[in-house]
>>> print(open('target-v6.csv').read())   # CSV, C-alpha atoms
chain,number,residue,atom,x,y,z
A,1,MET,CA,-19.7,1.8,-15.3
A,2,PRO,CA,-16.2,3.5,-15.1
A,3,ALA,CA,-13.7,2.2,-12.7
A,4,ARG,CA,-10.5,3.8,-11.4
A,5,THR,CA,-7.3,1.8,-12.0
A,6,PRO,CA,-4.4,1.8,-9.5
A,7,ASP,CA,-2.4,4.0,-11.8
A,8,GLY,CA,-5.1,6.7,-11.7
A,9,ARG,CA,-6.7,6.0,-15.1
A,10,THR,CA,-10.3,5.3,-15.8
A,11,LEU,CA,-11.4,1.9,-17.2
A,12,THR,CA,-14.7,1.8,-19.0
A,13,VAL,CA,-16.3,-1.4,-20.2
A,14,GLU,CA,-19.4,-1.2,-22.4
A,15,GLY,CA,-21.4,-3.5,-24.6
A,16,SER,CA,-21.1,-6.7,-22.6
A,17,PRO,CA,-24.3,-8.7,-23.1
A,18,GLN,CA,-24.2,-9.8,-19.4
A,19,PRO,CA,-23.1,-7.7,-16.4
A,20,PHE,CA,-20.0,-8.2,-14.3
A,21,THR,CA,-21.0,-9.5,-10.9
A,22,MET,CA,-17.8,-8.7,-9.2
A,23,GLY,CA,-15.5,-5.7,-9.2
A,24,TRP,CA,-12.2,-5.5,-11.1
A,25,SER,CA,-8.9,-6.8,-9.7
A,26,TYR,CA,-5.7,-5.1,-10.8
A,27,MET,CA,-2.1,-5.9,-10.8
A,28,VAL,CA,0.5,-3.2,-11.2
A,29,TRP,CA,4.3,-3.1,-10.9
A,30,ALA,CA,6.0,-0.4,-8.9
A,31,ARG,CA,9.5,0.3,-10.0
A,32,GLY,CA,12.0,2.3,-7.9
A,33,ASP,CA,15.6,2.6,-7.0
A,34,GLY,CA,15.3,-0.4,-4.8
A,35,GLY,CA,13.9,-2.8,-7.4
A,36,SER,CA,10.4,-3.8,-8.5
A,37,LEU,CA,7.4,-4.9,-6.5
A,38,ARG,CA,4.1,-6.2,-7.7
A,39,PHE,CA,1.0,-4.8,-6.1
A,40,HIS,CA,-2.5,-6.3,-6.4
A,41,THR,CA,-5.6,-4.4,-5.7
A,42,ALA,CA,-9.1,-5.8,-5.2
A,43,ALA,CA,-12.2,-5.3,-3.1
A,44,ALA,CA,-11.5,-5.1,0.6
A,45,GLY,CA,-11.4,-8.6,2.1
A,46,ALA,CA,-11.0,-10.4,-1.2
A,47,ARG,CA,-7.6,-11.9,-0.5
A,48,GLU,CA,-8.8,-13.4,2.8
A,49,LEU,CA,-12.0,-14.7,1.1
A,50,ILE,CA,-10.1,-16.4,-1.6
A,51,SER,CA,-7.6,-18.0,0.7
A,52,ARG,CA,-10.4,-19.2,2.9
A,53,HIS,CA,-12.1,-20.6,-0.2
A,54,LEU,CA,-8.8,-22.4,-1.2
A,55,GLY,CA,-8.6,-23.8,2.3
A,56,GLU,CA,-5.2,-22.3,3.0
A,57,TYR,CA,-6.2,-19.6,5.4
A,58,GLY,CA,-6.2,-22.0,8.4
A,59,ARG,CA,-2.4,-22.5,8.1
A,60,PHE,CA,-1.6,-18.8,7.9
A,61,THR,CA,-0.1,-16.9,10.8
A,62,VAL,CA,-2.2,-13.7,10.7
A,63,ARG,CA,-0.9,-10.5,12.1
A,64,GLU,CA,-2.7,-7.1,12.1
A,65,VAL,CA,-2.0,-3.6,13.1
A,66,SER,CA,-3.5,-0.2,12.2
A,67,TRP,CA,-1.6,2.4,10.2
A,68,ASN,CA,-2.9,5.9,9.3
A,69,GLY,CA,-6.5,4.8,9.7
A,70,ALA,CA,-6.1,1.7,7.5
A,71,ARG,CA,-5.6,-1.9,8.5
A,72,LEU,CA,-2.3,-3.6,7.8
A,73,VAL,CA,-2.6,-7.4,7.8
A,74,SER,CA,0.0,-10.0,7.1
A,75,HIS,CA,-0.7,-13.6,6.0
A,76,GLU,CA,2.4,-15.7,6.7
A,77,ASP,CA,2.3,-19.0,4.9
A,78,PRO,CA,4.7,-21.6,6.4
A,79,GLU,CA,4.2,-23.9,3.4
A,80,ASN,CA,6.0,-21.7,0.9
A,81,GLY,CA,7.9,-19.6,3.5
A,82,GLY,CA,6.4,-16.3,2.2
A,83,THR,CA,4.2,-13.5,3.5
A,84,THR,CA,1.4,-11.7,1.8
A,85,MET,CA,1.2,-8.1,3.2
A,86,LEU,CA,-2.2,-6.3,2.9
A,87,TRP,CA,-3.2,-2.7,3.2
A,88,ILE,CA,-7.0,-2.8,3.8
A,89,GLY,CA,-8.9,0.4,3.4
A,90,PRO,CA,-12.6,1.2,3.6
A,91,HIS,CA,-13.4,0.0,0.1
A,92,HIS,CA,-10.4,-1.8,-1.4
A,93,GLU,CA,-7.2,-3.5,-0.5
A,94,VAL,CA,-3.7,-3.4,-1.8
A,95,TYR,CA,-1.4,-6.4,-1.3
A,96,THR,CA,2.0,-7.7,-2.2
A,97,PHE,CA,4.0,-10.8,-1.7
A,98,ILE,CA,7.2,-10.7,0.3
A,99,PRO,CA,9.4,-13.8,0.5
A,100,GLY,CA,10.3,-14.9,4.0
A,101,VAL,CA,8.7,-15.3,7.4
A,102,ASN,CA,8.7,-12.9,10.3
A,103,VAL,CA,8.7,-10.0,7.8
A,104,PRO,CA,8.4,-6.8,9.8
A,105,PHE,CA,5.4,-4.6,9.0
A,106,GLU,CA,8.0,-1.8,8.7
A,107,ALA,CA,9.2,-3.3,5.4
A,108,PHE,CA,5.7,-3.1,3.9
A,109,MET,CA,5.2,0.4,5.4
A,110,GLY,CA,8.4,1.4,3.6
A,111,HIS,CA,7.1,0.2,0.3
A,112,LEU,CA,3.7,1.9,0.8
A,113,ALA,CA,5.2,5.2,2.0
A,114,GLY,CA,6.2,6.1,-1.5
A,115,PHE,CA,2.5,6.4,-2.5
A,116,ASP,CA,-0.5,8.5,-1.5
A,117,ILE,CA,-3.2,5.8,-1.4
A,118,GLN,CA,-6.6,7.2,-2.3
A,119,ASP,CA,-9.4,4.7,-1.7
A,120,ALA,CA,-12.9,5.5,-3.1
A,121,PRO,CA,-15.9,3.3,-4.0
A,122,ASP,CA,-14.9,3.3,-7.7
A,123,GLY,CA,-11.3,2.2,-7.1
A,124,VAL,CA,-8.1,2.6,-5.1
A,125,VAL,CA,-5.3,4.7,-6.6
A,126,LEU,CA,-1.6,4.5,-5.7
A,127,ALA,CA,-0.4,8.0,-6.5
A,128,PRO,CA,3.5,8.2,-6.3
A,129,ARG,CA,4.6,10.9,-3.9
A,130,LEU,CA,6.8,13.7,-5.1
A,131,GLY,CA,10.4,12.8,-4.6
A,132,ALA,CA,9.6,9.1,-3.8
A,133,ARG,CA,11.3,8.0,-7.1
A,134,VAL,CA,8.8,5.2,-7.8
A,135,ARG,CA,6.6,4.8,-10.8
A,136,LEU,CA,3.9,2.4,-11.8
A,137,GLY,CA,3.8,0.3,-14.9
A,138,ASN,CA,2.5,-2.8,-16.7
A,139,MET,CA,-1.0,-2.4,-15.1
A,140,LEU,CA,-3.5,-5.1,-16.0
A,141,ALA,CA,-7.2,-5.5,-15.0
A,142,VAL,CA,-9.0,-8.8,-14.7
A,143,ASN,CA,-12.6,-9.8,-14.2
A,144,THR,CA,-14.9,-12.7,-15.1
A,145,LEU,CA,-18.2,-13.0,-16.8
A,146,ASP,CA,-19.8,-15.9,-14.9
A,147,GLY,CA,-19.7,-19.1,-16.7
A,148,VAL,CA,-18.7,-17.5,-20.0
A,149,CYS,CA,-15.1,-16.2,-20.0
A,150,SER,CA,-12.4,-14.4,-18.2
A,151,VAL,CA,-11.6,-10.8,-19.2
A,152,GLN,CA,-8.1,-9.3,-19.0
A,153,VAL,CA,-7.5,-5.7,-20.0
A,154,ASN,CA,-4.0,-4.3,-20.7
A,155,PRO,CA,-3.0,-0.8,-22.0
A,156,VAL,CA,-2.6,-1.2,-25.8
A,157,GLY,CA,1.1,-0.6,-25.8
A,158,ASP,CA,1.9,-3.3,-23.2
A,159,LEU,CA,1.1,-6.3,-25.3
A,160,PRO,CA,2.2,-7.2,-28.9
A,161,ARG,CA,-0.5,-6.7,-31.5
A,162,PRO,CA,-1.5,-9.9,-33.4
A,163,GLY,CA,-0.5,-10.0,-37.0
A,164,GLY,CA,-2.9,-9.3,-39.8
A,165,THR,CA,-5.8,-6.9,-39.7
A,166,GLY,CA,-8.4,-8.8,-37.6
A,167,LYS,CA,-12.1,-8.7,-37.9
A,168,ARG,CA,-13.9,-5.3,-37.4
A,169,VAL,CA,-16.1,-5.5,-34.3
A,170,ARG,CA,-17.7,-3.0,-32.1
A,171,GLY,CA,-14.8,-2.9,-29.6
A,172,GLY,CA,-12.0,-2.7,-32.2
A,173,ALA,CA,-10.2,-5.4,-34.2
A,174,LEU,CA,-10.9,-9.0,-33.2
A,175,TRP,CA,-8.6,-12.0,-33.4
A,176,LYS,CA,-9.7,-15.5,-32.3
A,177,LEU,CA,-7.3,-18.2,-31.4
A,178,ASP,CA,-8.0,-21.9,-30.9
A,179,GLU,CA,-5.6,-24.2,-29.1
A,180,ARG,CA,-6.2,-27.9,-29.0
A,181,ARG,CA,-5.0,-29.4,-25.8
A,182,ALA,CA,-3.7,-33.0,-25.2
A,183,ASP,CA,-7.1,-34.2,-23.9
A,184,GLY,CA,-8.9,-33.0,-27.1
A,185,ARG,CA,-10.6,-30.0,-25.6
A,186,VAL,CA,-10.3,-26.7,-27.4
A,187,LEU,CA,-9.1,-23.6,-25.5
A,188,ARG,CA,-10.6,-20.6,-27.3
A,189,SER,CA,-9.4,-17.1,-26.7
A,190,ALA,CA,-10.3,-13.8,-28.3
A,191,ILE,CA,-8.2,-10.7,-28.5
A,192,VAL,CA,-9.8,-7.3,-29.1
A,193,VAL,CA,-7.5,-4.4,-29.8
A,194,ASN,CA,-8.5,-0.7,-30.1
A,195,GLU,CA,-6.8,2.6,-29.6
A,196,THR,CA,-6.4,2.3,-25.8
A,197,THR,CA,-6.7,-1.3,-24.8
A,198,THR,CA,-5.8,-4.9,-25.6
A,199,THR,CA,-8.6,-7.1,-24.2
A,200,THR,CA,-8.0,-10.9,-23.8
A,201,LEU,CA,-11.0,-13.1,-23.4
A,202,ILE,CA,-10.6,-16.8,-22.6
A,203,ALA,CA,-13.7,-18.9,-23.0
A,204,ARG,CA,-14.9,-21.4,-20.5
A,205,GLU,CA,-16.6,-23.5,-23.3
A,206,ALA,CA,-15.1,-22.9,-26.7
A,207,ASP,CA,-18.4,-23.2,-28.7
A,208,ASP,CA,-20.6,-21.2,-26.2
A,209,PRO,CA,-22.6,-18.7,-28.4
A,210,ARG,CA,-22.5,-16.3,-25.4
A,211,PHE,CA,-18.7,-16.1,-25.8
A,212,ALA,CA,-19.0,-15.1,-29.4
A,213,ALA,CA,-21.5,-12.5,-28.5
A,214,VAL,CA,-19.2,-11.0,-25.8
A,215,ALA,CA,-16.2,-11.0,-28.2
A,216,ASP,CA,-18.3,-9.2,-30.9
A,217,SER,CA,-19.6,-6.5,-28.6
A,218,ILE,CA,-17.4,-5.8,-25.6
A,219,THR,CA,-15.7,-2.4,-25.7
A,220,CYS,CA,-13.0,-1.6,-23.2
A,221,GLY,CA,-11.4,1.8,-22.9
A,222,LEU,CA,-8.6,3.3,-20.8
A,223,ASN,CA,-7.9,7.0,-20.7
B,1,MET,CA,8.8,58.4,-35.4
B,2,GLN,CA,12.4,57.1,-35.4
B,3,ASN,CA,13.0,58.9,-32.1
B,4,VAL,CA,10.0,57.1,-30.5
B,5,ILE,CA,11.3,53.7,-31.7
B,6,ASN,CA,14.8,54.5,-30.5
B,7,SER,CA,13.6,55.6,-27.0
B,8,LEU,CA,11.3,52.5,-26.8
B,9,ALA,CA,14.3,50.3,-27.6
B,10,VAL,CA,16.4,52.0,-24.9
B,11,PHE,CA,13.7,51.6,-22.4
B,12,ALA,CA,13.2,48.0,-23.3
B,13,PHE,CA,16.9,47.4,-22.9
B,14,LEU,CA,16.8,49.1,-19.5
B,15,GLY,CA,13.9,46.9,-18.6
B,16,VAL,CA,15.8,43.8,-19.4
B,17,VAL,CA,18.7,44.9,-17.3
B,18,VAL,CA,16.5,45.7,-14.3
B,19,ALA,CA,14.8,42.3,-14.7
B,20,LEU,CA,18.2,40.5,-14.8
B,21,PHE,CA,19.1,42.3,-11.5
B,22,ALA,CA,15.8,41.2,-10.0
B,23,ILE,CA,16.3,37.6,-11.0
B,24,SER,CA,19.8,37.5,-9.7
B,25,ALA,CA,18.6,38.9,-6.4
B,26,LEU,CA,15.9,36.3,-6.3
B,27,LEU,CA,18.3,33.5,-7.1
B,28,ARG,CA,20.7,34.7,-4.3
B,29,THR,CA,17.8,34.6,-1.8
B,30,VAL,CA,16.9,31.0,-2.9
B,31,ARG,CA,20.6,30.0,-2.5
B,32,GLU,CA,20.8,31.5,0.9
B,33,LEU,CA,17.6,29.7,1.9
B,34,GLN,CA,19.0,26.4,0.6
B,35,GLN,CA,22.2,26.8,2.6
B,36,ALA,CA,20.2,27.7,5.7
B,37,ALA,CA,18.0,24.7,5.3
B,38,LEU,CA,21.0,22.4,4.8
B,39,ALA,CA,22.8,23.9,7.8
B,40,VAL,CA,19.9,22.9,10.2
B,41,PRO,CA,20.9,19.7,12.0
B,42,VAL,CA,18.6,16.9,11.1
B,43,PRO,CA,17.0,15.5,14.2
B,44,GLY,CA,16.5,11.8,14.5
B,45,ALA,CA,19.3,9.8,12.8
B,46,SER,CA,21.9,10.5,15.4
B,47,ALA,CA,19.8,12.0,18.2
B,48,VAL,CA,18.9,9.5,20.9
B,49,ARG,CA,15.2,9.4,21.8
B,50,ARG,CA,14.6,9.8,25.4
B,51,VAL,CA,11.4,10.0,27.4
B,52,THR,CA,12.1,10.9,31.0
B,53,ARG,CA,8.5,9.8,31.9
B,54,PHE,CA,9.4,6.2,31.2
B,55,ALA,CA,12.6,6.2,33.2
B,56,SER,CA,12.3,3.8,36.1
B,57,GLY,CA,13.6,4.2,39.6
B,58,ASP,CA,15.1,0.7,39.7
B,59,GLU,CA,17.4,-1.0,37.3
B,60,ARG,CA,14.5,-2.6,35.2
B,61,PRO,CA,13.5,-1.4,31.7
B,62,THR,CA,10.0,-0.2,30.8
B,63,PHE,CA,7.9,-1.8,28.0
B,64,VAL,CA,5.4,0.7,26.6
B,65,LEU,CA,2.5,-0.5,24.4
B,66,VAL,CA,1.5,2.4,22.2
B,67,VAL,CA,-2.2,2.2,21.2
B,68,THR,CA,-4.8,4.3,19.4
B,69,ASP,CA,-8.6,4.2,19.6
B,70,GLN,CA,-10.5,2.6,16.7
B,71,CYS,CA,-7.9,-0.1,16.4
B,72,PRO,CA,-9.1,-3.7,17.0
B,73,SER,CA,-5.6,-5.2,17.1
B,74,CYS,CA,-4.7,-2.6,19.8
B,75,GLU,CA,-7.5,-3.9,21.9
B,76,GLN,CA,-6.4,-7.5,21.5
B,77,ARG,CA,-2.7,-6.7,22.3
B,78,ALA,CA,-3.8,-4.6,25.4
B,79,ALA,CA,-6.0,-7.5,26.6
B,80,ARG,CA,-3.0,-9.8,26.1
B,81,LEU,CA,-0.8,-7.4,28.1
B,82,ALA,CA,-3.3,-7.3,30.9
B,83,ALA,CA,-3.5,-11.1,31.0
B,84,ILE,CA,0.3,-11.5,31.3
B,85,ALA,CA,1.2,-12.5,34.9
B,86,PRO,CA,2.7,-9.6,36.8
B,87,GLY,CA,6.4,-10.0,37.2
B,88,LEU,CA,6.8,-12.4,34.3
B,89,PRO,CA,8.4,-9.9,31.9
B,90,ALA,CA,11.7,-8.5,33.0
B,91,GLY,CA,10.5,-4.9,33.3
B,92,HIS,CA,7.7,-2.5,34.0
B,93,LEU,CA,4.6,-2.5,31.7
B,94,SER,CA,2.9,0.6,30.5
B,95,MET,CA,0.3,1.5,27.9
B,96,LEU,CA,0.3,4.9,26.2
B,97,SER,CA,-2.8,6.3,24.5
B,98,ALA,CA,-4.2,9.6,23.3
B,99,GLY,CA,-7.6,9.4,25.0
B,100,PRO,CA,-9.1,7.5,27.9
B,101,ASP,CA,-11.1,5.1,25.8
B,102,PRO,CA,-8.4,2.3,25.7
B,103,LEU,CA,-8.2,2.3,29.5
B,104,ARG,CA,-11.2,-0.2,29.6
B,105,TRP,CA,-9.1,-2.7,27.7
B,106,ILE,CA,-6.8,-3.1,30.6
B,107,GLU,CA,-9.3,-2.6,33.4
B,108,GLY,CA,-8.3,-4.4,36.6
B,109,ALA,CA,-4.7,-5.0,35.5
B,110,GLY,CA,-2.8,-3.2,38.2
B,111,HIS,CA,0.6,-4.1,36.9
B,112,ILE,CA,0.1,-1.9,33.8
B,113,GLN,CA,0.7,1.8,34.2
B,114,ALA,CA,-1.7,3.6,31.9
B,115,VAL,CA,-0.5,6.9,30.4
B,116,VAL,CA,-3.1,9.1,28.7
B,117,ASP,CA,-1.1,11.8,26.9
B,118,ALA,CA,-1.8,12.8,23.3
B,119,GLU,CA,1.2,15.1,23.2
B,120,LEU,CA,3.6,12.4,24.4
B,121,LEU,CA,2.0,9.9,21.9
B,122,GLY,CA,2.7,12.4,19.1
B,123,SER,CA,6.4,12.8,20.2
B,124,VAL,CA,7.0,9.1,20.5
B,125,ALA,CA,5.6,9.0,16.9
B,126,VAL,CA,5.3,5.3,16.1
B,127,GLY,CA,4.5,4.4,12.5
B,128,ALA,CA,1.7,1.9,13.2
B,129,THR,CA,-0.2,0.8,16.3
B,130,PRO,CA,0.0,-1.3,18.4
B,131,SER,CA,3.7,-0.8,18.8
B,132,LEU,CA,5.9,-1.9,21.7
B,133,VAL,CA,8.7,0.4,22.7
B,134,LYS,CA,11.4,-0.6,25.2
B,135,TYR,CA,13.0,2.1,27.4
B,136,ALA,CA,16.1,1.6,29.3
B,137,PRO,CA,16.0,2.4,33.1
B,138,ASP,CA,17.3,6.0,32.3
B,139,GLY,CA,14.4,6.6,29.8
B,140,THR,CA,16.4,6.0,26.6
B,141,GLU,CA,14.6,4.2,23.9
B,142,GLU,CA,16.2,0.9,23.1
B,143,TRP,CA,14.0,-0.4,20.3
B,144,ARG,CA,10.4,-0.2,18.9
B,145,ARG,CA,8.5,-2.8,17.1
B,146,VAL,CA,5.0,-3.0,15.5
B,147,VAL,CA,3.2,-5.9,17.3
B,148,GLY,CA,1.0,-7.8,14.9
B,149,SER,CA,0.0,-10.8,17.0
B,150,ASP,CA,-0.2,-12.0,20.6
B,151,GLN,CA,2.7,-14.4,20.0
B,152,ASP,CA,4.9,-11.5,18.8
B,153,LEU,CA,4.0,-9.6,22.0
B,154,ASP,CA,5.1,-12.5,24.1
B,155,ARG,CA,8.2,-12.9,22.2
B,156,LEU,CA,9.1,-9.2,22.3
B,157,LEU,CA,8.5,-9.1,26.1
B,158,GLY,CA,10.6,-12.1,26.6
B,159,ALA,CA,13.6,-11.6,24.4
B,160,ASP,CA,15.8,-8.8,23.2
B,161,VAL,CA,15.5,-8.0,19.5
B,162,PRO,CA,17.9,-6.2,17.3
B,163,GLU,CA,17.4,-2.6,16.4
B,164,SER,CA,14.2,-2.2,14.3
B,165,SER,CA,14.1,-0.5,10.9
B,166,ASN,CA,11.8,2.3,12.0
B,167,ALA,CA,13.7,3.1,15.2
B,168,ARG,CA,15.8,6.1,14.5
>>> encode(input="target-v6.csv", output="structure tokens")
Amino acid sequence: MPARTPDGRTLTVEGSPQPFTMGWSYMVWARGDGGSLRFHTAAAGARELISRHLGEYGRFTVREVSWNGARLVSHEDPENGGTTMLWIGPHHEVYTFIPGVNVPFEAFMGHLAGFDIQDAPDGVVLAPRLGARVRLGNMLAVNTLDGVCSVQVNPVGDLPRPGGTGKRVRGGALWKLDERRADGRVLRSAIVVNETTTTTLIAREADDPRFAAVADSITCGLN
Amino acid sequence: MQNVINSLAVFAFLGVVVALFAISALLRTVRELQQAALAVPVPGASAVRRVTRFASGDERPTFVLVVTDQCPSCEQRAARLAAIAPGLPAGHLSMLSAGPDPLRWIEGAGHIQAVVDAELLGSVAVGATPSLVKYAPDGTEEWRRVVGSDQDLDRLLGADVPESSNAR
């Protein structure tokens, strides 16, 4: 099932023995003359759902307006004196964190104005407008396989390649890393590198056979 | 044979010269267009926005809530505006919309002057809705603010705020 990434590429994930039950979330940096800003994208309503789940939604000051057919929402958190600004479209949302309270919506609109935001069922794309002098970089995609592991996909050039040759698997070259923590538990991660992606898997249970099966077969591609 | 090649060479040279003239003429046109475009005064930055419709007869300013259809927060802000006690804010209250649909949000609130005018809405040109715009008694725009919550609306109606970033 291909998915569109916020920088306009296509992410394909094949060979996973169990399906993803949720859509992909993305993080991408927008760099411009005025500095850098980190945008997150996810399914519409996801940020609110998560903060409700974490029990922090109740203390937020929530503001909402409408802008070019989309909703603009701000979650102002008095606890850390910061504001999460969300653009919520029909399928997905784009949000960023802005320090400070009473942040005017105009500030967020100014950041978004550099992009043509294209929201479709397979993903939301932030296309830099001509002359806006912004560019996107360091995109990463995250998802989870329920009860097995977390999955993080980076473009292959963005992360250093582990040393050595790795083990040949379906999705590229595989490295496994075990880290023993102070309480004696083992944190096991797997890194799969191929021509287009570096995929990092972090196991929930180190000796879960399903994790080994995922590491041996998952194939991620970015075009 | 040599004659043919010579004449072809001469023609080709002539062709290049003609092409150079054509290109220089084109470039001059572009330059003239650029200068003409730069010479046009940019509206906005220095121009003061003024809407005579929102000039008041007395010395009080006018607060205009700009709303659009299909905007749940506009409905909430309009209802809040309708619930405010008449005479509490230091000015006239008005609501500007493109169509008649939002009128039902402020039904029964006689202290709000409803203005349905798509053209005026376009010329006021707020970035997001609902927005509150304050007009001086002579119809000059003093400031505009996007209103995200009822508390913000109360605050904006009660106090003066500095010039907003999207007010030009």
>>> closest_atom_pairs(input="target-v6.csv", of="chain B", to="chain A", cutoff="12 Å", atoms="only C-alpha atoms", output="CSV")
residue,atom,partner,partner_atom,distance
B:Val66,CA,A:Val65,CA,11.4
B:Val67,CA,A:Ser66,CA,9.4
B:Thr68,CA,A:Ser66,CA,8.6
B:Asp69,CA,A:Ser66,CA,10.0
B:Gln70,CA,A:Gly69,CA,8.4
B:Cys71,CA,A:Ser66,CA,6.1
B:Pro72,CA,A:Val65,CA,8.1
B:Ser73,CA,A:Val65,CA,5.6
B:Cys74,CA,A:Val65,CA,7.3
B:Glu75,CA,A:Val65,CA,10.4
B:Gln76,CA,A:Glu64,CA,10.1
B:Arg77,CA,A:Val65,CA,9.7
B:Ala125,CA,A:Asn68,CA,11.8
B:Val126,CA,A:Trp67,CA,9.5
B:Gly127,CA,A:Trp67,CA,6.8
B:Ala128,CA,A:Trp67,CA,4.5
B:Thr129,CA,A:Ser66,CA,5.4
B:Pro130,CA,A:Val65,CA,6.1
B:Ser131,CA,A:Val65,CA,8.5
B:Leu132,CA,A:Val65,CA,11.8
B:Arg144,CA,A:Glu106,CA,10.6
B:Arg145,CA,A:Pro104,CA,8.3
B:Val146,CA,A:Phe105,CA,6.7
B:Val147,CA,A:Val65,CA,7.1
B:Gly148,CA,A:Arg63,CA,4.3
B:Ser149,CA,A:Arg63,CA,5.0
B:Asp150,CA,A:Arg63,CA,8.7
B:Gln151,CA,A:Arg63,CA,9.5
B:Asp152,CA,A:Arg63,CA,8.9
B:Leu153,CA,A:Arg63,CA,11.1
B:Arg155,CA,A:Asn102,CA,11.9
B:Glu163,CA,A:Pro104,CA,11.9
B:Ser164,CA,A:Glu106,CA,8.4
B:Ser165,CA,A:Glu106,CA,6.6
B:Asn166,CA,A:Glu106,CA,6.5
B:Ala167,CA,A:Glu106,CA,9.9
>>> closest_residue(input="target-v6.csv", among="A:His75, A:Arg47, A:Lys167, A:His91", to="Phe60 of chain A", atoms="only C-alpha atoms")
A:His75
>>> closest_residue(input="target-v6.csv", among="B:Glu107, B:Glu59, B:Asp138, B:Glu119", to="Ala78 of chain B", atoms="all atoms listed in the file")
B:Glu107
>>> residues_around(input="target-v6.csv", residues="Glu195 of chain A", least_positions_apart="6", cutoff="12 Å", atoms="all atoms listed in the file", output="PyMOL selection string")
chain A and resi 154-157+161+171-173+219-223
>>> residues_around(input="target-v6.csv", residues="Leu140 of chain A", least_positions_apart="6", cutoff="8 Å", atoms="all atoms listed in the file", output="list in words")
Tyr26, Met27, Val28, Gln152, Val153, Asn154 and Pro155 of chain A
>>> residues_around(input="target-v6.csv", residues="Val214 of chain A", least_positions_apart="4", cutoff="8 Å", atoms="only C-alpha atoms", output="ChimeraX atom specification")
/A:15-17,210,218
>>> atom_distance(input="target-v6.csv", atom1="atom CA of Pro99 of chain A", atom2="atom CA of Gly32 of chain A")
18.3 Å
>>> atom_distance(input="target-v6.csv", atom1="atom CA of Pro137 of chain B", atom2="atom CA of Ala118 of chain B")
22.8 Å
>>> atom_distance(input="target-v6.csv", atom1="atom CA of Thr52 of chain B", atom2="atom CA of Leu121 of chain B")
13.6 Å
>>> residues_near_point(input="target-v6.csv", point="(-9.4, -15.1, -25.3)", cutoff="9 Å", atoms="only C-alpha atoms", output="PyMOL selection string")
chain A and resi 149-152+175-178+187-192+199-203+215
>>> write_last_selection(input="target-v6.csv", atoms="C-alpha atoms", output="tab-separated table (two decimals), keeping the file's coordinate frame")
chain	number	residue	atom	x	y	z
A	149	CYS	CA	-15.10	-16.20	-20.00
A	150	SER	CA	-12.40	-14.40	-18.20
A	151	VAL	CA	-11.60	-10.80	-19.20
A	152	GLN	CA	-8.10	-9.30	-19.00
A	175	TRP	CA	-8.60	-12.00	-33.40
A	176	LYS	CA	-9.70	-15.50	-32.30
A	177	LEU	CA	-7.30	-18.20	-31.40
A	178	ASP	CA	-8.00	-21.90	-30.90
A	187	LEU	CA	-9.10	-23.60	-25.50
A	188	ARG	CA	-10.60	-20.60	-27.30
A	189	SER	CA	-9.40	-17.10	-26.70
A	190	ALA	CA	-10.30	-13.80	-28.30
A	191	ILE	CA	-8.20	-10.70	-28.50
A	192	VAL	CA	-9.80	-7.30	-29.10
A	199	THR	CA	-8.60	-7.10	-24.20
A	200	THR	CA	-8.00	-10.90	-23.80
A	201	LEU	CA	-11.00	-13.10	-23.40
A	202	ILE	CA	-10.60	-16.80	-22.60
A	203	ALA	CA	-13.70	-18.90	-23.00
A	215	ALA	CA	-16.20	-11.00	-28.20
>>> closest_residue(input="target-v6.csv", among="A:Ala212, A:Val142, A:Ala30, A:Val148", to="Leu174 of chain A", atoms="all atoms listed in the file")
A:Ala212
>>> closest_residue(input="target-v6.csv", among="A:Val134, A:Leu112, A:Leu54, A:Leu49", to="Asp33 of chain A", atoms="all atoms listed in the file")
A:Val134
>>> residues_around(input="target-v6.csv", residues="Val51 of chain B", least_positions_apart="2", cutoff="10 Å", atoms="all atoms listed in the file", output="CSV table (one decimal) with C-alpha atoms, in the frame of the given file")
chain,number,residue,atom,x,y,z
B,48,VAL,CA,18.9,9.5,20.9
B,49,ARG,CA,15.2,9.4,21.8
B,53,ARG,CA,8.5,9.8,31.9
B,54,PHE,CA,9.4,6.2,31.2
B,55,ALA,CA,12.6,6.2,33.2
B,120,LEU,CA,3.6,12.4,24.4
B,123,SER,CA,6.4,12.8,20.2
B,124,VAL,CA,7.0,9.1,20.5
B,135,TYR,CA,13.0,2.1,27.4
B,136,ALA,CA,16.1,1.6,29.3
B,138,ASP,CA,17.3,6.0,32.3
B,139,GLY,CA,14.4,6.6,29.8
B,140,THR,CA,16.4,6.0,26.6
B,141,GLU,CA,14.6,4.2,23.9
>>> closest_residue(input="target-v6.csv", among="A:Asp116, A:Glu79, A:Asp216, A:Asp122", to="His92 of chain A", atoms="only C-alpha atoms")
A:Asp122
>>> closest_residue(input="target-v6.csv", among="A:Gly163, A:Gly123, A:Gly114, A:Pro19", to="Leu136 of chain A", atoms="only C-alpha atoms")
A:Gly114
